[in-house]
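**Student:** Below is the file upload13.cif, which contains mmCIF, C-alpha atoms.
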```cif
data_work
#
loop_
_atom_site.group_PDB
_atom_site.id
_atom_site.type_symbol
_atom_site.label_atom_id
_atom_site.label_comp_id
_atom_site.auth_asym_id
_atom_site.auth_seq_id
_atom_site.Cartn_x
_atom_site.Cartn_y
_atom_site.Cartn_z
ATOM 1 C CA MET A 1137 0.000 0.000 0.000
ATOM 2 C CA GLY A 1138 1.404 3.393 -0.966
ATOM 3 C CA SER A 1139 2.087 6.027 1.649
ATOM 4 C CA SER A 1140 -0.590 8.336 0.219
ATOM 5 C CA GLN A 1141 -3.181 5.571 0.471
ATOM 6 C CA ALA A 1142 -2.128 4.796 4.022
ATOM 7 C CA GLU A 1143 -2.498 8.473 4.883
ATOM 8 C CA LEU A 1144 -6.005 8.569 3.417
ATOM 9 C CA ILE A 1145 -7.021 5.540 5.452
ATOM 10 C CA TYR A 1146 -5.482 7.038 8.583
ATOM 11 C CA LEU A 1147 -7.403 10.287 8.106
ATOM 12 C CA ARG A 1148 -10.677 8.401 7.780
ATOM 13 C CA GLN A 1149 -9.861 6.252 10.792
ATOM 14 C CA ARG A 1150 -9.177 9.373 12.839
ATOM 15 C CA LYS A 1151 -12.403 11.022 11.662
ATOM 16 C CA LEU A 1152 -14.451 7.937 12.500
ATOM 17 C CA ARG A 1153 -12.777 7.496 15.875
ATOM 18 C CA LYS A 1154 -13.708 11.058 16.759
ATOM 19 C CA LEU A 1155 -17.259 10.540 15.491
ATOM 20 C CA LEU A 1156 -17.897 7.159 17.090
ATOM 21 C CA LEU A 1157 -15.635 6.881 20.101
ATOM 22 C CA ASP A 1158 -14.067 10.142 21.255
ATOM 23 C CA ASN A 1159 -17.144 12.308 21.741
ATOM 24 C CA GLY A 1160 -18.664 10.350 24.595
ATOM 25 C CA ILE A 1161 -20.680 7.183 24.977
ATOM 26 C CA HIS A 1162 -23.854 8.617 23.496
ATOM 27 C CA ASN A 1163 -22.678 8.194 19.894
ATOM 28 C CA ILE A 1164 -23.095 4.410 20.179
ATOM 29 C CA SER A 1165 -26.100 3.659 22.353
ATOM 30 C CA HIS A 1166 -25.207 -0.012 22.896
ATOM 31 C CA ARG A 1167 -21.978 0.372 24.851
ATOM 32 C CA PRO A 1168 -20.485 -3.091 24.061
ATOM 33 C CA ALA A 1169 -20.640 -2.129 20.370
ATOM 34 C CA ARG A 1170 -17.940 0.468 21.021
ATOM 35 C CA GLU A 1171 -15.390 -2.368 21.100
ATOM 36 C CA LEU A 1172 -16.763 -3.629 17.801
ATOM 37 C CA ALA A 1173 -16.377 -0.147 16.296
ATOM 38 C CA ALA A 1174 -12.766 0.082 17.496
ATOM 39 C CA GLU A 1175 -11.992 -3.279 15.854
ATOM 40 C CA LEU A 1176 -13.683 -2.349 12.581
ATOM 41 C CA LEU A 1177 -11.598 0.815 12.247
ATOM 42 C CA LEU A 1178 -8.581 -1.423 11.645
ATOM 43 C CA PHE A 1179 -10.142 -2.858 8.457
ATOM 44 C CA LEU A 1180 -11.270 0.194 6.488
ATOM 45 C CA ASP A 1181 -9.418 -1.077 3.412
ATOM 46 C CA ASP A 1182 -11.149 -4.487 3.573
ATOM 47 C CA PRO A 1183 -14.964 -4.235 3.250
ATOM 48 C CA ASN A 1184 -15.332 -8.017 3.223
ATOM 49 C CA ALA A 1185 -13.711 -8.188 6.652
ATOM 50 C CA LEU A 1186 -15.979 -5.409 7.926
ATOM 51 C CA TRP A 1187 -19.104 -7.303 6.874
ATOM 52 C CA ARG A 1188 -17.785 -10.593 8.259
ATOM 53 C CA ILE A 1189 -16.806 -9.164 11.647
ATOM 54 C CA GLY A 1190 -20.081 -7.239 11.942
ATOM 55 C CA THR A 1191 -22.355 -10.158 11.063
ATOM 56 C CA GLU A 1192 -20.462 -12.560 13.341
ATOM 57 C CA TRP A 1193 -20.742 -10.070 16.224
ATOM 58 C CA LEU A 1194 -24.497 -9.730 15.732
ATOM 59 C CA LEU A 1195 -24.981 -13.488 15.394
ATOM 60 C CA LYS A 1196 -23.517 -13.996 18.869
ATOM 61 C CA SER A 1197 -25.024 -10.910 20.498
ATOM 62 C CA LEU A 1198 -28.596 -11.502 19.272
ATOM 63 C CA ASN A 1199 -28.529 -15.284 19.701
ATOM 64 C CA VAL A 1200 -30.049 -15.748 16.255
ATOM 65 C CA GLU A 1201 -29.458 -18.402 13.624
ATOM 66 C CA ARG A 1202 -28.370 -16.261 10.687
ATOM 67 C CA VAL A 1203 -27.136 -12.710 9.977
ATOM 68 C CA ASP A 1204 -26.353 -11.477 6.502
ATOM 69 C CA GLY A 1205 -25.646 -8.258 4.652
ATOM 70 C CA GLY A 1206 -24.239 -6.754 1.517
ATOM 71 C CA PHE A 1207 -23.725 -3.617 -0.518
ATOM 72 C CA ALA A 1208 -26.711 -2.592 -2.629
ATOM 73 C CA ARG A 1209 -28.782 0.384 -3.725
ATOM 74 C CA PRO A 1210 -32.564 0.804 -3.948
ATOM 75 C CA SER A 1211 -32.221 1.480 -7.672
ATOM 76 C CA ASP A 1212 -30.836 -2.021 -8.325
ATOM 77 C CA ASP A 1213 -33.328 -4.392 -9.955
ATOM 78 C CA LEU A 1214 -32.265 -7.281 -7.721
ATOM 79 C CA TYR A 1215 -30.711 -7.716 -4.302
ATOM 80 C CA PHE A 1216 -28.712 -10.864 -3.559
ATOM 81 C CA PRO A 1217 -28.880 -11.883 0.132
ATOM 82 C CA GLY A 1218 -26.018 -13.685 1.793
ATOM 83 C CA GLN A 1219 -23.210 -11.729 0.136
ATOM 84 C CA THR A 1220 -21.688 -11.937 3.602
ATOM 85 C CA GLU A 1221 -23.366 -14.446 5.869
ATOM 86 C CA SER A 1222 -22.785 -15.673 9.416
ATOM 87 C CA ILE A 1223 -24.716 -18.823 10.322
ATOM 88 C CA LEU A 1224 -25.098 -20.744 13.559
ATOM 89 C CA GLU A 1225 -22.746 -23.701 13.206
ATOM 90 C CA VAL A 1226 -24.978 -26.170 15.036
ATOM 91 C CA GLY A 1227 -28.203 -27.421 13.510
ATOM 92 C CA GLY A 1228 -27.617 -27.182 9.781
ATOM 93 C CA VAL A 1229 -29.082 -23.704 9.282
ATOM 94 C CA PRO A 1230 -29.612 -23.140 5.529
ATOM 95 C CA SER A 1231 -27.854 -20.407 3.583
ATOM 96 C CA LEU A 1232 -29.589 -17.500 1.880
ATOM 97 C CA ARG A 1233 -27.203 -17.646 -1.046
ATOM 98 C CA GLY A 1234 -28.886 -18.269 -4.362
ATOM 99 C CA ILE A 1235 -32.003 -16.279 -3.510
ATOM 100 C CA LYS A 1236 -32.785 -13.311 -5.736
ATOM 101 C CA VAL A 1237 -34.827 -10.504 -4.202
ATOM 102 C CA ASP A 1238 -36.946 -8.204 -6.335
ATOM 103 C CA ASN A 1239 -35.785 -4.817 -5.097
ATOM 104 C CA PHE A 1240 -39.140 -3.332 -6.026
ATOM 105 C CA ASP A 1241 -41.126 -5.778 -3.916
ATOM 106 C CA THR A 1242 -43.531 -3.753 -1.746
ATOM 107 C CA ALA A 1243 -42.022 -4.846 1.567
ATOM 108 C CA VAL A 1244 -38.466 -4.391 0.278
ATOM 109 C CA ARG A 1245 -39.278 -0.827 -0.776
ATOM 110 C CA LEU A 1246 -40.514 -0.175 2.748
ATOM 111 C CA ILE A 1247 -37.179 -1.394 4.087
ATOM 112 C CA TRP A 1248 -35.265 0.995 1.849
ATOM 113 C CA LEU A 1249 -37.483 3.924 2.823
ATOM 114 C CA ALA A 1250 -37.571 3.289 6.576
ATOM 115 C CA LYS A 1251 -35.209 5.289 8.792
ATOM 116 C CA HIS A 1252 -35.117 2.513 11.401
ATOM 117 C CA PRO A 1253 -35.001 -1.306 11.300
ATOM 118 C CA LEU A 1254 -38.228 -3.107 10.447
ATOM 119 C CA VAL A 1255 -39.515 -6.153 12.322
ATOM 120 C CA PHE A 1256 -41.040 -9.069 10.430
ATOM 121 C CA ALA A 1257 -42.354 -11.171 13.307
ATOM 122 C CA ASP A 1258 -43.839 -13.883 11.093
ATOM 123 C CA ILE A 1259 -42.696 -14.366 7.493
ATOM 124 C CA LYS A 1260 -45.931 -16.215 6.689
ATOM 125 C CA GLU A 1261 -47.937 -13.100 7.581
ATOM 126 C CA SER A 1262 -45.476 -10.574 6.155
ATOM 127 C CA ARG A 1263 -46.012 -8.242 3.202
ATOM 128 C CA PHE A 1264 -43.227 -9.854 1.198
ATOM 129 C CA GLY A 1265 -44.270 -10.852 -2.324
ATOM 130 C CA ILE A 1266 -45.326 -14.424 -3.011
ATOM 131 C CA GLY A 1267 -42.052 -15.457 -4.643
ATOM 132 C CA LEU A 1268 -39.791 -13.966 -1.975
ATOM 133 C CA LYS A 1269 -41.972 -15.290 0.836
ATOM 134 C CA ARG A 1270 -41.831 -18.767 -0.696
ATOM 135 C CA ASP A 1271 -38.031 -18.633 -0.977
ATOM 136 C CA LEU A 1272 -37.605 -17.465 2.616
ATOM 137 C CA LEU A 1273 -39.952 -20.102 4.012
ATOM 138 C CA LYS A 1274 -38.248 -22.790 1.949
ATOM 139 C CA ILE A 1275 -35.001 -22.227 3.864
ATOM 140 C CA GLY A 1276 -36.826 -22.064 7.175
ATOM 141 C CA THR A 1277 -36.878 -18.313 7.782
ATOM 142 C CA GLU A 1278 -39.402 -17.627 10.515
ATOM 143 C CA ALA A 1279 -38.810 -13.987 11.446
ATOM 144 C CA LYS A 1280 -36.497 -11.145 10.405
ATOM 145 C CA LEU A 1281 -35.003 -7.902 11.595
ATOM 146 C CA VAL A 1282 -34.037 -5.851 8.544
ATOM 147 C CA THR A 1283 -32.578 -2.424 7.922
ATOM 148 C CA ALA A 1284 -31.132 -0.364 5.124
ATOM 149 C CA LEU A 1285 -27.686 1.081 5.770
ATOM 150 C CA ALA A 1286 -27.152 4.658 4.636
ATOM 151 C CA GLY A 1287 -23.961 6.617 4.072
ATOM 152 C CA SER A 1288 -23.176 10.217 3.276
ATOM 153 C CA ARG A 1289 -24.331 9.789 -0.321
ATOM 154 C CA GLY A 1290 -27.437 7.720 0.387
ATOM 155 C CA PRO A 1291 -28.280 4.023 0.883
ATOM 156 C CA ILE A 1292 -25.340 1.642 0.618
ATOM 157 C CA GLY A 1293 -26.675 -1.789 1.632
ATOM 158 C CA LEU A 1294 -28.962 -4.055 3.628
ATOM 159 C CA LEU A 1295 -28.486 -5.949 6.891
ATOM 160 C CA CYS A 1296 -30.719 -8.762 8.195
ATOM 161 C CA ALA A 1297 -30.934 -10.976 11.284
ATOM 162 C CA ASP A 1298 -33.035 -14.148 10.985
ATOM 163 C CA ARG A 1299 -34.736 -16.606 13.273
ATOM 164 C CA VAL A 1300 -35.075 -20.026 11.678
ATOM 165 C CA GLN A 1301 -37.888 -22.525 12.135
ATOM 166 C CA GLY A 1302 -37.236 -25.493 14.402
ATOM 167 C CA ARG A 1303 -35.766 -23.332 17.154
ATOM 168 C CA ARG A 1304 -37.562 -22.164 20.239
ATOM 169 C CA LYS A 1305 -40.037 -19.665 18.846
ATOM 170 C CA ARG A 1306 -39.958 -16.263 20.463
ATOM 171 C CA SER A 1307 -40.675 -12.686 19.473
ATOM 172 C CA TRP A 1308 -38.023 -10.012 19.090
ATOM 173 C CA SER A 1309 -37.354 -8.256 22.376
ATOM 174 C CA GLY A 1310 -36.874 -4.525 22.741
ATOM 175 C CA LYS A 1311 -33.274 -5.133 23.808
ATOM 176 C CA GLU A 1312 -32.535 -7.202 20.687
ATOM 177 C CA TYR A 1313 -34.064 -4.508 18.499
ATOM 178 C CA ASP A 1314 -31.954 -1.819 20.178
ATOM 179 C CA ILE A 1315 -28.742 -3.842 19.770
ATOM 180 C CA PHE A 1316 -29.452 -4.493 16.092
ATOM 181 C CA SER A 1317 -30.343 -0.855 15.475
ATOM 182 C CA SER A 1318 -27.285 0.490 17.284
ATOM 183 C CA VAL A 1319 -24.803 -1.794 15.536
ATOM 184 C CA ALA A 1320 -26.388 -1.353 12.110
ATOM 185 C CA LEU A 1321 -26.991 2.390 12.058
ATOM 186 C CA GLN A 1322 -24.402 3.756 14.496
ATOM 187 C CA VAL A 1323 -21.483 1.430 13.726
ATOM 188 C CA LEU A 1324 -21.684 -0.548 10.488
ATOM 189 C CA ALA A 1325 -23.284 2.146 8.316
ATOM 190 C CA PRO A 1326 -20.648 4.861 8.917
ATOM 191 C CA VAL A 1327 -17.744 2.398 8.826
ATOM 192 C CA LEU A 1328 -18.868 0.721 5.589
ATOM 193 C CA ASP A 1329 -19.519 4.134 4.076
ATOM 194 C CA ALA A 1330 -15.941 5.154 4.893
ATOM 195 C CA ALA A 1331 -14.683 1.860 3.420
ATOM 196 C CA GLN A 1332 -16.404 2.702 0.144
ATOM 197 C CA ASP A 1333 -14.670 6.092 0.188
ATOM 198 C CA VAL A 1334 -11.354 4.303 0.668
ATOM 199 C CA THR A 1335 -12.181 2.118 -2.348
ATOM 200 C CA ARG A 1336 -12.869 5.191 -4.465
ATOM 201 C CA ASP A 1337 -9.681 6.867 -3.232
ATOM 202 C CA LYS A 1338 -7.612 3.798 -4.024
ATOM 203 C CA SER A 1339 -9.121 3.550 -7.499
ATOM 204 C CA ALA A 1340 -8.397 7.241 -8.102
ATOM 205 C CA CYS A 1341 -4.801 6.789 -6.913
ATOM 206 C CA ARG A 1342 -4.387 3.797 -9.207
ATOM 207 C CA ASP A 1343 -5.806 5.723 -12.174
ATOM 208 C CA ASN A 1344 -3.545 8.702 -11.464
ATOM 209 C CA MET A 1345 -0.566 6.389 -11.214
ATOM 210 C CA HIS A 1346 -1.283 4.795 -14.579
ATOM 211 C CA ASP A 1347 -1.766 8.219 -16.169
ATOM 212 C CA ALA A 1348 1.600 9.325 -14.801
ATOM 213 C CA LEU A 1349 3.335 6.216 -16.114
ATOM 214 C CA GLY A 1350 2.138 7.216 -19.570
ATOM 215 C CA LEU A 1351 4.536 10.182 -19.406
ATOM 216 C CA LEU A 1352 7.554 7.868 -19.464
ATOM 217 C CA THR A 1353 9.351 6.725 -22.583
ATOM 218 C CA ALA A 1354 9.624 2.974 -23.140
ATOM 219 C CA ALA A 1355 13.326 3.081 -22.203
ATOM 220 C CA GLU A 1356 12.610 5.029 -18.992
ATOM 221 C CA TYR A 1357 9.888 2.595 -18.005
ATOM 222 C CA ASP A 1358 12.158 -0.411 -18.589
ATOM 223 C CA VAL A 1359 15.026 0.897 -16.444
ATOM 224 C CA ALA A 1360 12.596 1.997 -13.694
ATOM 225 C CA VAL A 1361 11.123 -1.520 -13.532
ATOM 226 C CA LEU A 1362 14.614 -3.002 -13.245
ATOM 227 C CA ALA A 1363 15.469 -0.529 -10.492
ATOM 228 C CA ALA A 1364 12.281 -1.484 -8.647
ATOM 229 C CA LYS A 1365 13.429 -5.100 -8.749
ATOM 230 C CA GLY A 1366 16.532 -4.107 -6.807
ATOM 231 C CA LYS A 1367 19.016 -3.942 -9.677
ATOM 232 C CA SER A 1368 21.949 -1.592 -9.248
ATOM 233 C CA TYR A 1369 22.809 1.075 -11.816
ATOM 234 C CA LYS A 1370 25.722 -1.088 -12.938
ATOM 235 C CA GLU A 1371 23.504 -4.170 -13.358
ATOM 236 C CA ILE A 1372 20.885 -2.187 -15.282
ATOM 237 C CA ALA A 1373 23.550 -0.679 -17.527
ATOM 238 C CA ARG A 1374 24.913 -4.173 -18.287
ATOM 239 C CA THR A 1375 21.396 -5.553 -18.958
ATOM 240 C CA LYS A 1376 20.436 -2.677 -21.262
ATOM 241 C CA SER A 1377 23.885 -2.337 -22.868
ATOM 242 C CA ARG A 1378 24.038 1.311 -21.840
ATOM 243 C CA SER A 1379 26.434 3.396 -19.808
ATOM 244 C CA ILE A 1380 25.895 4.009 -16.116
ATOM 245 C CA HIS A 1381 25.652 7.724 -16.960
ATOM 246 C CA THR A 1382 22.739 7.018 -19.355
ATOM 247 C CA ILE A 1383 20.927 4.911 -16.743
ATOM 248 C CA ASP A 1384 21.413 7.633 -14.133
ATOM 249 C CA HIS A 1385 20.040 10.244 -16.553
ATOM 250 C CA GLN A 1386 16.988 8.068 -17.380
ATOM 251 C CA LEU A 1387 16.162 7.389 -13.726
ATOM 252 C CA ARG A 1388 16.521 11.095 -12.902
ATOM 253 C CA SER A 1389 14.028 11.785 -15.705
ATOM 254 C CA VAL A 1390 11.645 9.163 -14.300
ATOM 255 C CA ARG A 1391 11.760 10.704 -10.824
ATOM 256 C CA ARG A 1392 11.185 14.181 -12.244
ATOM 257 C CA LYS A 1393 8.180 13.139 -14.343
ATOM 258 C CA LEU A 1394 6.604 11.187 -11.496
ATOM 259 C CA LYS A 1395 7.468 13.884 -8.904
ATOM 260 C CA LEU A 1396 9.401 11.427 -6.739
ATOM 261 C CA SER A 1397 12.054 12.853 -4.438
ATOM 262 C CA SER A 1398 14.272 9.790 -4.107
ATOM 263 C CA GLN A 1399 15.244 6.485 -5.623
ATOM 264 C CA ALA A 1400 13.616 4.696 -2.660
ATOM 265 C CA LYS A 1401 10.283 6.335 -3.485
ATOM 266 C CA LEU A 1402 10.686 5.351 -7.129
ATOM 267 C CA VAL A 1403 11.151 1.717 -6.076
ATOM 268 C CA GLN A 1404 8.084 1.909 -3.819
ATOM 269 C CA TYR A 1405 6.038 3.524 -6.588
ATOM 270 C CA PHE A 1406 6.831 0.873 -9.192
ATOM 271 C CA ASN A 1407 6.389 -2.029 -6.813
ATOM 272 C CA GLN A 1408 2.946 -0.677 -6.027
ATOM 273 C CA ALA A 1409 2.129 -0.246 -9.720
ATOM 274 C CA SER A 1410 3.249 -3.754 -10.676
ATOM 275 C CA ASN A 1411 1.671 -5.497 -7.661
ATOM 276 C CA PRO A 1412 -1.833 -4.041 -7.352
ATOM 277 C CA ASP A 1413 -3.675 -4.562 -4.106
ATOM 278 C CA PRO A 1414 -6.066 -7.598 -4.313
ATOM 279 C CA PHE A 1415 -8.677 -5.199 -2.977
ATOM 280 C CA PHE A 1416 -9.172 -3.979 -6.556
ATOM 281 C CA HIS A 1417 -9.853 -7.363 -8.133
#
```
How would this structure read if it were set down as structure tokens?

**Tutor:**
Amino acid sequence: MGSSQAELIYLRQRKLRKLLLDNGIHNISHRPARELAAELLLFLDDPNALWRIGTEWLLKSLNVERVDGGFARPSDDLYFPGQTESILEVGGVPSLRGIKVDNFDTAVRLIWLAKHPLVFADIKESRFGIGLKRDLLKIGTEAKLVTALAGSRGPIGLLCADRVQGRRKRSWSGKEYDIFSSVALQVLAPVLDAAQDVTRDKSACRDNMHDALGLLTAAEYDVAVLAAKGKSYKEIARTKSRSIHTIDHQLRSVRRKLKLSSQAKLVQYFNQASNPDPFFH
């Protein structure tokens, strides 16, 4: 990860820490979730880890059988549940993966529009459309807590906690609702929103880097790549059948065009360009 990217992540971590943790306990109403927030701040460059840690935390805290979530927007035609999914290990609880949700289903639209989590106490009696209700019942879904997650630019995803048939049937308690609401809206939403900003920043940095590389001549690019691999000026000169003076001149030109102040920064720059972060795949 380049230093500029690390700085961007640090700035967002600091902003979130101030927002969520440093201004008093009232920012996160469920106090144990403050520890969750502190852990999540360490993974702003890994949205998959954020979803996984958040859903696993809720699975244990709510004593439910399944928690899932994923990035989405209300304008999407379909939503795919189970993008990230934490399931109770005991009892063979089915997965939501493979289900396709019509994002314009009446009940789903209500979820997107609601400012707080919605309770579906009995899937059989819910307002979900026939097809979605059938799919949920087929995998044993008995009741759901659902909420849309919103960021600074609008909705960014959905989060659900499920009770599954065959367990001891019970209604959602006020405490469970408050925990789910606090973690979803006060912790996961702002952290995942920041993670998306990090993604955009990284993509912009990568694009800027590739644009800058286009300023180099083919010969300059070749010697810079060799330098990034740890080759000395003498070794590069021998490989390219050029004088050490020519190699020095070409690398000086590379550093000038890329606005790099040292050979060490040139090496870091090219290693980053040739080994892109898996985050972008």

**Student:** Calculate how many Å separate CA of Thr1220 (chain A) from CA of Asp1204 (chain A), rounding to one decimal.

**Tutor:**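 It comes out at 5.5 Å.
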
**Student:** Hey, could you make a per-residue contact list for region 1325-1374 of chain A against region 1396-1401 of chain A with 10 Å as the cut-off, showing the nearest pair of atoms and its distance in Å to one decimal, counting all atoms listed in the file, sorted by chain and number, as CSV?

**Tutor:**
```
residue,atom,partner,partner_atom,distance
A:Ala1360,CA,A:Gln1399,CA,9.6
A:Ala1363,CA,A:Gln1399,CA,8.5
A:Ala1364,CA,A:Ala1400,CA,8.7
```

**Student:** Take CA of Ile1275 (chain A) and CA of Gly1293 (chain A) and report the distance between them in Å, one decimal.

**Tutor:**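 Taking CA of Ile1275 (chain A) and CA of Gly1293 (chain A), their separation equals 22.2 Å.
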
**Student:** Rank nothing, just name the residue among A:Ala1169, A:Leu1177, A:Lys1251, A:Glu1221 nearest to Arg1150 (chain A), using only C-alpha atoms.

**Tutor:**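 Smallest separation from Arg1150 (chain A) among the options: A:Leu1177.
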
**Student:** For the PyMOL selection byres ((chain A and resi 1284) around 12), applied here, can you spell out every residue it catches as number ranges by chain?

**Tutor:** A: 1205-1210, 1215, 1244-1254, 1281-1283, 1285-1287, 1290-1296, 1316-1317, 1320-1321, 1324-1325

**Student:** For Lys1376 (chain A), work out the shell of residues within 12 Å, counting only C-alpha atoms and skipping chain neighbours fewer than 4 positions away, then give it as a ChimeraX atom specification.

**Tutor:** /A:1355-1356,1358-1360,1362,1367,1369-1372,1380,1382-1383,1386

**Student:** Based on the selection just made, write C-alpha atoms of those residues as an mmCIF file, keeping the file's coordinate frame.

**Tutor:**
```cif
data_model
loop_
_atom_site.group_PDB
_atom_site.id
_atom_site.type_symbol
_atom_site.label_atom_id
_atom_site.label_comp_id
_atom_site.auth_asym_id
_atom_site.auth_seq_id
_atom_site.Cartn_x
_atom_site.Cartn_y
_atom_site.Cartn_z
ATOM 1 C CA ALA A 1355 13.326 3.081 -22.203
ATOM 2 C CA GLU A 1356 12.610 5.029 -18.992
ATOM 3 C CA ASP A 1358 12.158 -0.411 -18.589
ATOM 4 C CA VAL A 1359 15.026 0.897 -16.444
ATOM 5 C CA ALA A 1360 12.596 1.997 -13.694
ATOM 6 C CA LEU A 1362 14.614 -3.002 -13.245
ATOM 7 C CA LYS A 1367 19.016 -3.942 -9.677
ATOM 8 C CA TYR A 1369 22.809 1.075 -11.816
ATOM 9 C CA LYS A 1370 25.722 -1.088 -12.938
ATOM 10 C CA GLU A 1371 23.504 -4.170 -13.358
ATOM 11 C CA ILE A 1372 20.885 -2.187 -15.282
ATOM 12 C CA ILE A 1380 25.895 4.009 -16.116
ATOM 13 C CA THR A 1382 22.739 7.018 -19.355
ATOM 14 C CA ILE A 1383 20.927 4.911 -16.743
ATOM 15 C CA GLN A 1386 16.988 8.068 -17.380
#
```

**Student:** Please identify every residue of region 1215-1249 of chain A that has at least one atom no farther than 10 Å from an atom of region 1195-1200 of chain A, counting only C-alpha atoms, and for each give the shortest atom pair and the distance in Å to one decimal, arranged by chain then increasing number, as a tab-separated table.

**Tutor:**
```
residue	atom	partner	partner_atom	distance
A:Glu1221	CA	A:Leu1195	CA	9.7
A:Ser1222	CA	A:Leu1195	CA	6.7
A:Ile1223	CA	A:Leu1195	CA	7.4
A:Leu1224	CA	A:Leu1195	CA	7.5
```

**Student:** Export, as an mmCIF file, in the frame of the given file, the selected residues with C-alpha atoms.

**Tutor:**
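Contents of the output file selection_30.cif:
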```
data_model
loop_
_atom_site.group_PDB
_atom_site.id
_atom_site.type_symbol
_atom_site.label_atom_id
_atom_site.label_comp_id
_atom_site.auth_asym_id
_atom_site.auth_seq_id
_atom_site.Cartn_x
_atom_site.Cartn_y
_atom_site.Cartn_z
ATOM 1 C CA GLU A 1221 -23.366 -14.446 5.869
ATOM 2 C CA SER A 1222 -22.785 -15.673 9.416
ATOM 3 C CA ILE A 1223 -24.716 -18.823 10.322
ATOM 4 C CA LEU A 1224 -25.098 -20.744 13.559
#
```

**Student:** Could you please determine the separation between CA of Asn1184 (chain A) and CA of Ser1318 (chain A) in Å, to one decimal place?

**Tutor:** 20.3 Å

**Student:** Centre and edge lengths, as lines of an AutoDock Vina configuration file, for the axis-aligned box enclosing every listed atom of region 1295-1300 of chain A with 6 Å of padding on each of the six sides, in Å to one decimal?

**Tutor:**
```
center_x = -31.8
center_y = -13.0
center_z = 10.1
size_x = 18.6
size_y = 26.1
size_z = 18.4
```

**Student:** Could you check which of A:Ile1315, A:Gln1301, A:Ala1331, A:Leu1402 is closest to His1166 (chain A), using all atoms listed in the file?

**Tutor:** A:Ile1315

**Student:** With distances taken over only C-alpha atoms, which of A:Val1203, A:Phe1264, A:Arg1170, A:Leu1328 is nearest to Gln1219 (chain A)?

**Tutor:**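 Residue with the minimum atom-to-atom distance to Gln1219 (chain A): A:Val1203.
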
**Student:** Which residues, named as in the file, does the PyMOL selection byres ((chain A and resi 1274) around 12) pick out? Answer as an MDAnalysis selection string.

**Tutor:** chainID A and resid 1229:1232 1235 1259:1260 1267:1273 1275:1278 1300:1301

**Student:** Output requested as a PDB file, in the frame of the given file - region 1210-1214 of chain A, filled out with all heavy atoms.

**Tutor:**
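Okay, this is what ended up in selection-v1.pdb:
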```
ATOM      1  N   PRO A1210     -31.138   1.009  -3.645  1.00  0.00           N
ATOM      2  CA  PRO A1210     -32.564   0.804  -3.948  1.00  0.00           C
ATOM      3  C   PRO A1210     -32.881   0.844  -5.429  1.00  0.00           C
ATOM      4  O   PRO A1210     -33.914   0.344  -5.859  1.00  0.00           O
ATOM      5  CB  PRO A1210     -33.261   1.948  -3.189  1.00  0.00           C
ATOM      6  CG  PRO A1210     -32.197   2.940  -2.896  1.00  0.00           C
ATOM      7  CD  PRO A1210     -30.925   2.184  -2.780  1.00  0.00           C
ATOM      8  N   SER A1211     -31.991   1.411  -6.226  1.00  0.00           N
ATOM      9  CA  SER A1211     -32.221   1.480  -7.672  1.00  0.00           C
ATOM     10  C   SER A1211     -31.858   0.186  -8.399  1.00  0.00           C
ATOM     11  O   SER A1211     -32.203   0.000  -9.573  1.00  0.00           O
ATOM     12  CB  SER A1211     -31.424   2.640  -8.276  1.00  0.00           C
ATOM     13  OG  SER A1211     -30.043   2.498  -7.999  1.00  0.00           O
ATOM     14  N   ASP A1212     -31.169  -0.732  -7.709  1.00  0.00           N
ATOM     15  CA  ASP A1212     -30.836  -2.021  -8.325  1.00  0.00           C
ATOM     16  C   ASP A1212     -32.113  -2.827  -8.576  1.00  0.00           C
ATOM     17  O   ASP A1212     -33.037  -2.791  -7.765  1.00  0.00           O
ATOM     18  CB  ASP A1212     -29.916  -2.832  -7.404  1.00  0.00           C
ATOM     19  CG  ASP A1212     -28.595  -2.143  -7.135  1.00  0.00           C
ATOM     20  OD1 ASP A1212     -28.187  -1.300  -7.960  1.00  0.00           O
ATOM     21  OD2 ASP A1212     -27.971  -2.457  -6.101  1.00  0.00           O
ATOM     22  N   ASP A1213     -32.156  -3.555  -9.672  1.00  0.00           N
ATOM     23  CA  ASP A1213     -33.328  -4.392  -9.955  1.00  0.00           C
ATOM     24  C   ASP A1213     -33.435  -5.541  -8.953  1.00  0.00           C
ATOM     25  O   ASP A1213     -34.532  -5.888  -8.510  1.00  0.00           O
ATOM     26  CB  ASP A1213     -33.248  -4.961 -11.372  1.00  0.00           C
ATOM     27  CG  ASP A1213     -33.436  -3.896 -12.438  1.00  0.00           C
ATOM     28  OD1 ASP A1213     -34.126  -2.883 -12.150  1.00  0.00           O
ATOM     29  OD2 ASP A1213     -32.882  -4.052 -13.540  1.00  0.00           O
ATOM     30  N   LEU A1214     -32.275  -6.126  -8.615  1.00  0.00           N
ATOM     31  CA  LEU A1214     -32.265  -7.281  -7.721  1.00  0.00           C
ATOM     32  C   LEU A1214     -31.309  -7.046  -6.561  1.00  0.00           C
ATOM     33  O   LEU A1214     -30.315  -6.323  -6.684  1.00  0.00           O
ATOM     34  CB  LEU A1214     -31.830  -8.548  -8.471  1.00  0.00           C
ATOM     35  CG  LEU A1214     -32.727  -9.052  -9.595  1.00  0.00           C
ATOM     36  CD1 LEU A1214     -32.042 -10.202 -10.332  1.00  0.00           C
ATOM     37  CD2 LEU A1214     -34.075  -9.496  -9.061  1.00  0.00           C
TER      38      LEU A1214
END
```
